[in-house]
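Visitor: Before we start, here is the structure in question, set down as structure tokens.
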Amino acid sequence: MALERRGKASVAFLSGGGFRGGNVAHGGDGGDFSRANVARLTRRGLRRYKTNGKASGVQQRDDDGIHMVPVARPDQRCAGVRTLFGQSRPADVPSSRTRLIPLPATRLRMSATDQAEPAAPTSVSANPMKIAVLGATGGVGFFILSALLRESTRRQMQLVALVRDVQKARGIFQQLDQSSQIDYRAVDTTSMPMQQLQSSLADIDVLVMATGTTAFPSKAWKGGNSPVRVDAEGVERVVAALPKDAVKRVVLLSSVGVLRKSSFPFSILNLFGVLDAKRRGEQALAAAARQNGFEYTVVRLGRLVGAPFTNVGAIRKDPDEAKSAVSLKLGDSLAGDLARSRAGEVVARSIFEPSAADKEFCAVDTEGAYPSSDEEWHELFEGLERPNEVLRIEYNSLNVAKMRTWLAQWSGAVLTSGALFPPLPEPVRFDPTESGCMLTFLDVTNGAVRPRGALNITLQEPTPSRKAAMVVFREPLLMDSPFRGERQILEQLKQDLANVSRYTPEA
Ligand SMILES: NC(=O)c1ccc[n+]([C@@H]2O[C@H](COP(=O)([O-])OP(=O)(O)OC[C@H]3O[C@@H](n4cnc5c(N)ncnc54)[C@H](OP(=O)(O)O)[C@@H]3O)[C@@H](O)[C@H]2O)c1
């Protein structure tokens, strides 16, 4: 992380609803971020200031002397870039795609087009793999195995359903499994003797554990099938029974809140210990994976909604279809609903995604478009490798030098000039960097200025496997929540890019 000052910087100090001072962005450490550019920006701003005669302005000293800095009237605020640069284009940007992490994605589509595509990359090499879904008769288990059945039309695999009631499972999958691909095996994780459990798992390459029970006492607890028995002891037993040196990947379904069990609403959810039990299961799996050298994935699901309903009637809830994208994030920081159907596909896809290996992440529904291709799914999972990426705008081509200059001008005109409305809650400092720029959020307490963290805007040249992109990273790395004013800055950046390029921000 680099929060130190780079080159020369400009800082805006804002208070209440107004502007107190600021510098225009000015030359840094060479490159295209030249004084000439800055002077042109300043002259244009000044001309505007004089012409309309209505905007207010401030005087501010920098190395070039005293400049009038344009400040837009409230009705002109946010028009910064267009006002100052007209329709100039910062870069050659014939087409682009953007994603605010979490990645947006179209409505659930689990067949048709997907089947026509070549298979996505996989870190699991055995061919054909034997993939088992434990708890395939459950709400999410059903969607996992269904997604795998579809996947099996274009990727070689053998499917195994590990279920308590084989008859029930056959009934559920009869329609979908016309060619009788599924090998049904009876497994009860809590009551089955270890030896039998071991032989049921002996030839499995990939195991998905989708077992579970209700968080609160219900008839699902019958026979002692409580969270402690199923989510802790049951998972521990299965992990212990896994074939050593044979299994390649194990995916465990867990829940958001396992690492936040003391905070509301998870404290309520955990009244009967479901989060403690799930955490025990997670830890058993992670330890076994490290010890035996297989890949593991823990998917912490949001509150499950939608058919097939397994909750008690009173808390049934249909998925909000406006929220049809899925958000994935490392650790346990998301909260919200997740449609069972989407949960199933996320889990099924995770098996084939190298980026999901040895990861513990949460998944919830979010607004946007559901991934509609392997590539989009791949990108969604790749986001797990870049936990601090908050915005990515991809371009077919990108003139990095021009874009870098534009960013400097944009920061000066929009951020540090105080032209934003509403004003930023905290001052932001601009620093040019080799690959873009850094926007540092400053905490000013009792006259002391302390950097809180930064948005590192990085311009990436295209590579054979990657498009050119403007990528915004939040630093420091594990900073989980956005800075105050961060979302406003990113929205403004997207809007202003749309005004000067063919890039169109998504609704
Ligand atoms: N509900 C939520 O809001 C929520 C939120 C986050 C995470 N989760 C977790 O997400 C996972 C999937 O949830 P879901 O709604 O799909 O659950 P579900 O519908 O209750 O399914 C649970 C599955 O586990 C099986 N099972 C239960 N005890 C078993 C045992 N001792 N041995 C073998 N199989 C056993 C059940 O088999 P039978 O069909 O024979 O009963 C069923 O197939 C669970 O781990 C759940 O805890 C749920």
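Naming scheme: A, B, ... for chains in displayed order of the structure tokens; residues 1 onward per chain; ligands 1 onward as shown.
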Could you give me, as a PyMOL selection string, every polymer residue with an atom at most 6 Å away from an atom of ligand 1, counting only C-alpha atoms and all ligand atoms?
Guide: chain A and resi 135-141+163-165+187-190+210-213+230+253-255+301-304+310
Visitor: As a PyMOL selection string, list the residues of segment 135-377 of chain A assigned to helix (DSSP H, G or I) by DSSP on the backbone atoms of this structure.
Guide: chain A and resi 139-151+166-173+194-201+219-224+227-241+266-272+274-292+313-315+340-350+354-356+374-377
Visitor: If we count only C-alpha atoms and set the cut-off at 7 Å, which residues sit around Ala348 of chain A, ignoring sequence neighbours fewer than 5 positions away in its own chain? Please answer as a list in words.
Guide: Ile144, Ala147 and Leu148 of chain A
Visitor: Which residues, written as a PyMOL selection string, have at least one atom at most 12 Å from Asp245 of chain A, with only C-alpha atoms counted and residues fewer than 3 positions away on the same chain left out?
Guide: chain A and resi 202-205+242+248-249+288-295
Visitor: Identify which of the residues A:Arg386, A:Met129, A:Ala232, A:Val274 lies closest to Ala246 of chain A, counting only C-alpha atoms when measuring atom-to-atom distances.
Guide: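 Closest to Ala246 of chain A, using only C-alpha atoms: A:Met129.
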Visitor: Name the residues in contact with segment 485-488 of chain A at a cut-off of 10 Å, using only C-alpha atoms, excluding same-chain residues fewer than 6 positions from it; report them as a CSV table (one decimal) with all heavy atoms, in the first residue's frame.
Guide:
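Output file part_29.csv is given in full below:
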chain,number,residue,atom,x,y,z
A,100,LEU,N,-18.9,-2.3,-10.9
A,100,LEU,CA,-18.7,-1.9,-9.6
A,100,LEU,C,-18.7,-3.2,-8.8
A,100,LEU,O,-19.6,-4.0,-9.0
A,100,LEU,CB,-19.9,-1.1,-9.0
A,100,LEU,CG,-19.7,0.4,-8.9
A,100,LEU,CD1,-21.0,1.0,-8.4
A,100,LEU,CD2,-18.6,0.8,-7.9
A,390,VAL,N,-12.7,-1.9,-6.4
A,390,VAL,CA,-14.1,-1.4,-6.2
A,390,VAL,C,-14.7,-0.9,-7.5
A,390,VAL,O,-16.0,-0.7,-7.6
A,390,VAL,CB,-14.1,-0.2,-5.2
A,390,VAL,CG1,-13.9,-0.7,-3.8
A,390,VAL,CG2,-13.2,0.9,-5.6
A,420,LEU,N,-18.1,19.5,-6.3
A,420,LEU,CA,-19.1,18.4,-6.1
A,420,LEU,C,-20.2,18.8,-5.2
A,420,LEU,O,-20.1,19.6,-4.3
A,420,LEU,CB,-18.4,17.2,-5.5
A,420,LEU,CG,-17.9,16.1,-6.4
A,420,LEU,CD1,-17.4,14.9,-5.6
A,420,LEU,CD2,-19.0,15.6,-7.3
A,421,PHE,N,-21.4,18.4,-5.6
A,421,PHE,CA,-22.6,18.6,-4.7
A,421,PHE,C,-23.3,17.3,-4.5
A,421,PHE,O,-23.6,16.7,-5.5
A,421,PHE,CB,-23.5,19.7,-5.4
A,421,PHE,CG,-24.6,20.1,-4.4
A,421,PHE,CD1,-24.4,21.0,-3.4
A,421,PHE,CD2,-25.9,19.5,-4.5
A,421,PHE,CE1,-25.4,21.3,-2.5
A,421,PHE,CE2,-26.9,19.8,-3.7
A,421,PHE,CZ,-26.6,20.7,-2.6
A,422,PRO,N,-23.7,16.9,-3.3
A,422,PRO,CA,-23.3,17.6,-2.1
A,422,PRO,C,-21.8,17.6,-1.9
A,422,PRO,O,-21.1,16.7,-2.4
A,422,PRO,CB,-24.0,16.8,-1.0
A,422,PRO,CG,-24.3,15.5,-1.6
A,422,PRO,CD,-24.4,15.7,-3.1
A,423,PRO,N,-21.3,18.5,-1.1
A,423,PRO,CA,-19.8,18.5,-0.9
A,423,PRO,C,-19.3,17.2,-0.3
A,423,PRO,O,-20.1,16.6,0.5
A,423,PRO,CB,-19.6,19.7,0.1
A,423,PRO,CG,-20.9,20.4,0.1
A,423,PRO,CD,-22.0,19.5,-0.3
A,424,LEU,N,-18.1,16.9,-0.5
A,424,LEU,CA,-17.5,15.7,0.0
A,424,LEU,C,-17.4,15.8,1.6
A,424,LEU,O,-17.1,16.9,2.0
A,424,LEU,CB,-16.1,15.4,-0.5
A,424,LEU,CG,-16.1,15.0,-2.0
A,424,LEU,CD1,-14.7,14.9,-2.5
A,424,LEU,CD2,-16.8,13.6,-2.2
A,425,PRO,N,-17.7,14.8,2.3
A,425,PRO,CA,-17.7,14.9,3.8
A,425,PRO,C,-16.3,15.1,4.3
A,425,PRO,O,-16.2,15.6,5.5
A,425,PRO,CB,-18.4,13.6,4.2
A,425,PRO,CG,-18.2,12.7,3.1
A,425,PRO,CD,-18.2,13.5,1.9
A,426,GLU,N,-15.3,14.7,3.6
A,426,GLU,CA,-14.0,14.8,4.1
A,426,GLU,C,-13.1,15.3,2.9
A,426,GLU,O,-13.4,15.0,1.8
A,426,GLU,CB,-13.5,13.4,4.6
A,426,GLU,CG,-14.1,13.0,5.8
A,426,GLU,CD,-13.5,11.7,6.4
A,426,GLU,OE1,-13.0,10.9,5.5
A,426,GLU,OE2,-13.5,11.5,7.6
A,427,PRO,N,-12.0,15.9,3.3
A,427,PRO,CA,-11.1,16.3,2.2
A,427,PRO,C,-10.4,15.2,1.5
A,427,PRO,O,-10.2,14.1,2.1
A,427,PRO,CB,-10.0,17.2,2.9
A,427,PRO,CG,-10.2,16.9,4.3
A,427,PRO,CD,-11.5,16.4,4.6
A,428,VAL,N,-10.2,15.4,0.2
A,428,VAL,CA,-9.5,14.3,-0.6
A,428,VAL,C,-8.3,14.9,-1.2
A,428,VAL,O,-8.4,16.0,-1.8
A,428,VAL,CB,-10.5,13.8,-1.6
A,428,VAL,CG1,-9.8,12.8,-2.6
A,428,VAL,CG2,-11.7,13.1,-1.0
A,439,LEU,N,-6.3,8.9,-4.8
A,439,LEU,CA,-7.1,9.9,-4.1
A,439,LEU,C,-7.1,9.5,-2.7
A,439,LEU,O,-7.6,8.4,-2.3
A,439,LEU,CB,-8.6,9.8,-4.7
A,439,LEU,CG,-8.7,10.1,-6.2
A,439,LEU,CD1,-10.2,9.9,-6.6
A,439,LEU,CD2,-8.2,11.4,-6.6
A,441,PHE,N,-8.1,9.9,1.2
A,441,PHE,CA,-9.1,10.4,2.1
A,441,PHE,C,-8.5,10.9,3.4
A,441,PHE,O,-7.8,10.1,4.0
A,441,PHE,CB,-10.2,9.4,2.3
A,441,PHE,CG,-11.0,9.1,1.1
A,441,PHE,CD1,-10.5,8.3,0.0
A,441,PHE,CD2,-12.3,9.5,0.9
A,441,PHE,CE1,-11.2,8.1,-1.1
A,441,PHE,CE2,-13.0,9.3,-0.2
A,441,PHE,CZ,-12.5,8.5,-1.2
A,454,ALA,N,-7.0,5.2,0.7
A,454,ALA,CA,-7.0,5.9,-0.6
A,454,ALA,C,-7.7,5.0,-1.6
A,454,ALA,O,-7.9,3.8,-1.5
A,454,ALA,CB,-5.5,6.1,-1.1
A,455,LEU,N,-8.1,5.7,-2.7
A,455,LEU,CA,-8.6,5.0,-3.9
A,455,LEU,C,-7.4,5.1,-4.9
A,455,LEU,O,-7.0,6.2,-5.2
A,455,LEU,CB,-9.8,5.7,-4.5
A,455,LEU,CG,-11.1,5.5,-3.7
A,455,LEU,CD1,-12.3,6.2,-4.4
A,455,LEU,CD2,-11.5,4.0,-3.4
A,474,ARG,N,-9.3,0.0,-3.5
A,474,ARG,CA,-9.4,0.7,-2.2
A,474,ARG,C,-8.2,0.2,-1.4
A,474,ARG,O,-7.9,-1.0,-1.3
A,474,ARG,CB,-10.7,0.3,-1.5
A,474,ARG,CG,-10.9,1.0,-0.2
A,474,ARG,CD,-12.1,0.6,0.6
A,474,ARG,NE,-13.3,0.8,-0.2
A,474,ARG,CZ,-14.2,-0.1,-0.3
A,474,ARG,NH1,-14.1,-1.3,0.2
A,474,ARG,NH2,-15.3,0.1,-0.9
A,494,LYS,N,-17.8,7.9,-13.1
A,494,LYS,CA,-18.5,7.2,-14.2
A,494,LYS,C,-19.3,8.1,-15.0
A,494,LYS,O,-19.3,8.0,-16.3
A,494,LYS,CB,-19.4,6.1,-13.6
A,494,LYS,CG,-18.6,5.0,-12.9
A,494,LYS,CD,-19.4,3.7,-12.8
A,494,LYS,CE,-20.6,3.9,-11.8
A,494,LYS,NZ,-21.4,2.7,-11.7
Visitor: Of the residues A:Arg300, A:Lys359, A:Lys130, A:Arg466, which is the one nearest to Ala286 of chain A, using only C-alpha atoms?
Guide: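 Counting only C-alpha atoms, the residue closest to Ala286 of chain A is A:Lys359.
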Visitor: Which distance in Å separates atom CA of Leu162 of chain A and atom CA of Gln283 of chain A, to one decimal?
Guide: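 Value for the atom CA of Leu162 of chain A-atom CA of Gln283 of chain A distance: 22.1 Å.
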Visitor: Between atom CA of Phe361 of chain A and atom CA of Glu345 of chain A, measure the distance and give it in Å to one decimal.
Guide: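 Atom CA of Phe361 of chain A sits 14.9 Å away from atom CA of Glu345 of chain A.
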Visitor: Would you please give, as a PyMOL selection string, all residues of segment 206-315 of chain A that DSSP assigns to strand (DSSP E) based on the backbone?
Guide: chain A and resi 206-209+249-255+295-301+303-305
Visitor: Mind giving me the straight-line distance from atom CA of Arg170 of chain A to atom CA of Leu197 of chain A in Å, one decimal?
Guide: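 Taking atom CA of Arg170 of chain A as the start and atom CA of Leu197 of chain A as the end point, the length is 20.4 Å.
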